[in-house]
Amino acid sequence: MNFDERPLAVGETSGSGRLVLVGAPLGNVADASVRLRDTLTTADVVAAEDTRRLTRLARDLEINVAGRIVSYFEGNEERRTPDLVNALREGSFVALITDGGMPSVSDPGYRLVRAALDAGIPVTAVPGPSAVTTALAVSGLPADRFCFEGFLPRAAGARRARLRELAGEPRTMVFFESPHRVAACLGDLAEAFGAERPAAVCRELTKTYEEVLRRPLGELAAWAAAGQPRGEITLVVGGATPADRAAPPASEVRAAVARLEAAGTTRRDAITAVAEEYGLRRREVYEVVHAPHLA
């Protein structure tokens with residue numbers, strides 16, 4: 001294998017420039033497709049989130065990556081993207097692979113995809129495993145309609161605010177979370193969505209120590225707090241039912257508007273903000289605020 005962290009200098013190439021996103025196994029290398037093997041062995045350039053993991057994957061698959069190998073991760077993607085786009089313009093076949101799953105899905109890739117498309121470069125993919133759909137499928141929760149929220153904000157206040165916005169979401173939700181934040185995240189989920197909301201913690205999917213816990217959020221929060229889980233974690237949470245989305249008490253809505261007004265927000269803007277926070281129509285909030293006789 002040829003490692004070179006210097007800027008790309010493209011000479012003779014194997015064909016017209018194109019970018020291929022490669023779906024990597026989540027953990028079990030037996031999930032690697034024939035197309036993945038062919039792509040890694042024929043690409044002029046392989047951009048890898050972690051070159052060491054690529055080396056290990058190639059060794060396990062018993063293939064030789066003959067093209068130039070460069071790192072492409074969160075810390076250098078802004079700097080490395082122009083080099084890769086230049087290589088594509090000059091005719092290189094560039095493959096992008098992350099540590100597991102599809103590039104761009106909460107992993108490096110979107111920046112390069114956008115830049116390649118803007119440069120008129122063809123972009124395609126070698127489909128592969130995805131932690132999002134794998135966790136959804138094994139969670140036991142409805143999978144006919146779902147939304148992917150990626151990683152929630154790291155700061156507790158911002159995370160709780162985002163979860164309040166999602167409390168009324170009727171679709172099944174999928175989140176990624178790091179091991180050292182999962183206990184706090186599950187606690188905030190239980191508080192925002194209710195301790196009885198069904199959910200699943202999917203840990204180390206397809207790996208030796210795969211674990212899927214299907215329990216209410218309150219129980220999962222207690223489980224995580226009792227001992228920090230390890231490994232890569234995907235959370236799947238059931239959507240809100242009509243009962244979950246019941247309108248808040250009028251007194252609570254009025255108090256929320258009053259707090260914003262006290263902080264200097266105009267009544268009009270306060271009503272709009274509270275309507276968005278509680279998932280209500282603006283007219284509903286307006287009527288509550290201007291009808292103090294309501295309970």
# chains A, B, ... in the order shown; residues from 1 in each chain; ligands from 1

$ residues_around --residues "range 111-119 of chain A" --least-positions-apart "2" --cutoff "6 Å" --atoms "only C-alpha atoms" --output "list in words"
Thr81, Gly109 and Ile121 of chain A

$ select_by_dssp --residues "range 59-124 of chain A" --states "alpha helix (DSSP H)" --output "PyMOL selection string"
chain A and resi 59-61+77-89+110-118

$ closest_atom_pairs --of "range 178-208 of chain A" --to "range 92-103 of chain A" --cutoff "12 Å" --atoms "only C-alpha atoms" --output "Markdown table"
| residue | atom | partner | partner_atom | distance |
| --- | --- | --- | --- | --- |
| A:Glu204 | CA | A:Gly100 | CA | 11.3 |
| A:Leu205 | CA | A:Gly100 | CA | 10.6 |
| A:Thr206 | CA | A:Gly100 | CA | 11.0 |
| A:Lys207 | CA | A:Gly100 | CA | 11.6 |

$ residues_around --residues "Glu149 in chain A" --least-positions-apart "6" --cutoff "10 Å" --atoms "only C-alpha atoms" --output "count of residues only"
7

$ atom_distance --atom1 "CA of Leu189 in chain A" --atom2 "CA of Pro242 in chain A"
18.1 Å

$ residues_around --residues "Leu36 in chain A" --least-positions-apart "3" --cutoff "9 Å" --atoms "only C-alpha atoms" --output "CSV table (one decimal) with all heavy atoms, in the first residue's frame"
chain,number,residue,atom,x,y,z
A,22,VAL,N,-17.9,4.8,-0.5
A,22,VAL,CA,-17.9,3.4,-0.2
A,22,VAL,C,-18.5,3.1,1.2
A,22,VAL,O,-18.0,3.6,2.2
A,22,VAL,CB,-16.4,2.9,-0.3
A,22,VAL,CG1,-16.4,1.4,0.0
A,22,VAL,CG2,-15.8,3.2,-1.6
A,23,GLY,N,-19.5,2.3,1.2
A,23,GLY,CA,-20.1,1.9,2.5
A,23,GLY,C,-19.3,0.8,3.1
A,23,GLY,O,-19.2,-0.3,2.6
A,24,ALA,N,-18.7,1.1,4.2
A,24,ALA,CA,-17.8,0.2,4.9
A,24,ALA,C,-18.5,-0.7,5.9
A,24,ALA,O,-19.5,-0.2,6.5
A,24,ALA,CB,-16.6,0.9,5.6
A,32,ALA,N,-18.6,-7.0,3.8
A,32,ALA,CA,-18.0,-6.2,2.6
A,32,ALA,C,-18.5,-6.9,1.3
A,32,ALA,O,-18.4,-8.1,1.2
A,32,ALA,CB,-16.5,-6.3,2.7
A,33,SER,N,-18.9,-6.0,0.4
A,33,SER,CA,-19.4,-6.5,-0.9
A,33,SER,C,-18.2,-6.7,-1.9
A,33,SER,O,-17.1,-6.2,-1.7
A,33,SER,CB,-20.4,-5.5,-1.5
A,33,SER,OG,-19.7,-4.3,-1.8
A,39,THR,N,-13.6,-1.7,-5.8
A,39,THR,CA,-13.4,-0.3,-5.8
A,39,THR,C,-12.1,0.1,-5.1
A,39,THR,O,-11.3,0.9,-5.6
A,39,THR,CB,-14.6,0.4,-5.1
A,39,THR,OG1,-15.8,0.2,-5.8
A,39,THR,CG2,-14.4,1.9,-5.0
A,40,LEU,N,-11.8,-0.5,-4.0
A,40,LEU,CA,-10.6,-0.3,-3.2
A,40,LEU,C,-9.4,-0.7,-4.0
A,40,LEU,O,-8.3,-0.1,-3.8
A,40,LEU,CB,-10.7,-0.9,-1.8
A,40,LEU,CG,-11.7,-0.4,-0.9
A,40,LEU,CD1,-11.6,-1.1,0.5
A,40,LEU,CD2,-11.6,1.1,-0.7
A,41,THR,N,-9.5,-1.7,-4.8
A,41,THR,CA,-8.3,-2.2,-5.5
A,41,THR,C,-8.1,-1.5,-6.8
A,41,THR,O,-6.9,-1.5,-7.3
A,41,THR,CB,-8.4,-3.7,-5.8
A,41,THR,OG1,-9.6,-4.0,-6.5
A,41,THR,CG2,-8.4,-4.5,-4.5
A,126,VAL,N,-21.0,3.0,-3.6
A,126,VAL,CA,-21.0,1.5,-3.4
A,126,VAL,C,-21.9,1.3,-2.1
A,126,VAL,O,-21.3,1.5,-1.0
A,126,VAL,CB,-19.6,0.9,-3.3
A,126,VAL,CG1,-19.7,-0.6,-2.9
A,126,VAL,CG2,-18.8,1.2,-4.5
A,127,PRO,N,-23.1,1.0,-2.2
A,127,PRO,CA,-24.0,0.9,-1.0
A,127,PRO,C,-23.4,-0.2,0.0
A,127,PRO,O,-22.8,-1.2,-0.4
A,127,PRO,CB,-25.3,0.4,-1.6
A,127,PRO,CG,-25.3,0.8,-3.0
A,127,PRO,CD,-23.9,0.7,-3.4
A,128,GLY,N,-23.6,0.1,1.2
A,128,GLY,CA,-23.1,-0.8,2.2
A,128,GLY,C,-23.9,-0.6,3.5
A,128,GLY,O,-24.9,0.0,3.6

$ residues_around --residues "Glu276 in chain A" --least-positions-apart "5" --cutoff "12 Å" --atoms "only C-alpha atoms" --output "ChimeraX atom specification"
/A:161-162,164-168,253,256-257,269-271,281-285

$ atom_distance --atom1 "CA of Arg268 in chain A" --atom2 "CA of Glu252 in chain A"
17.4 Å
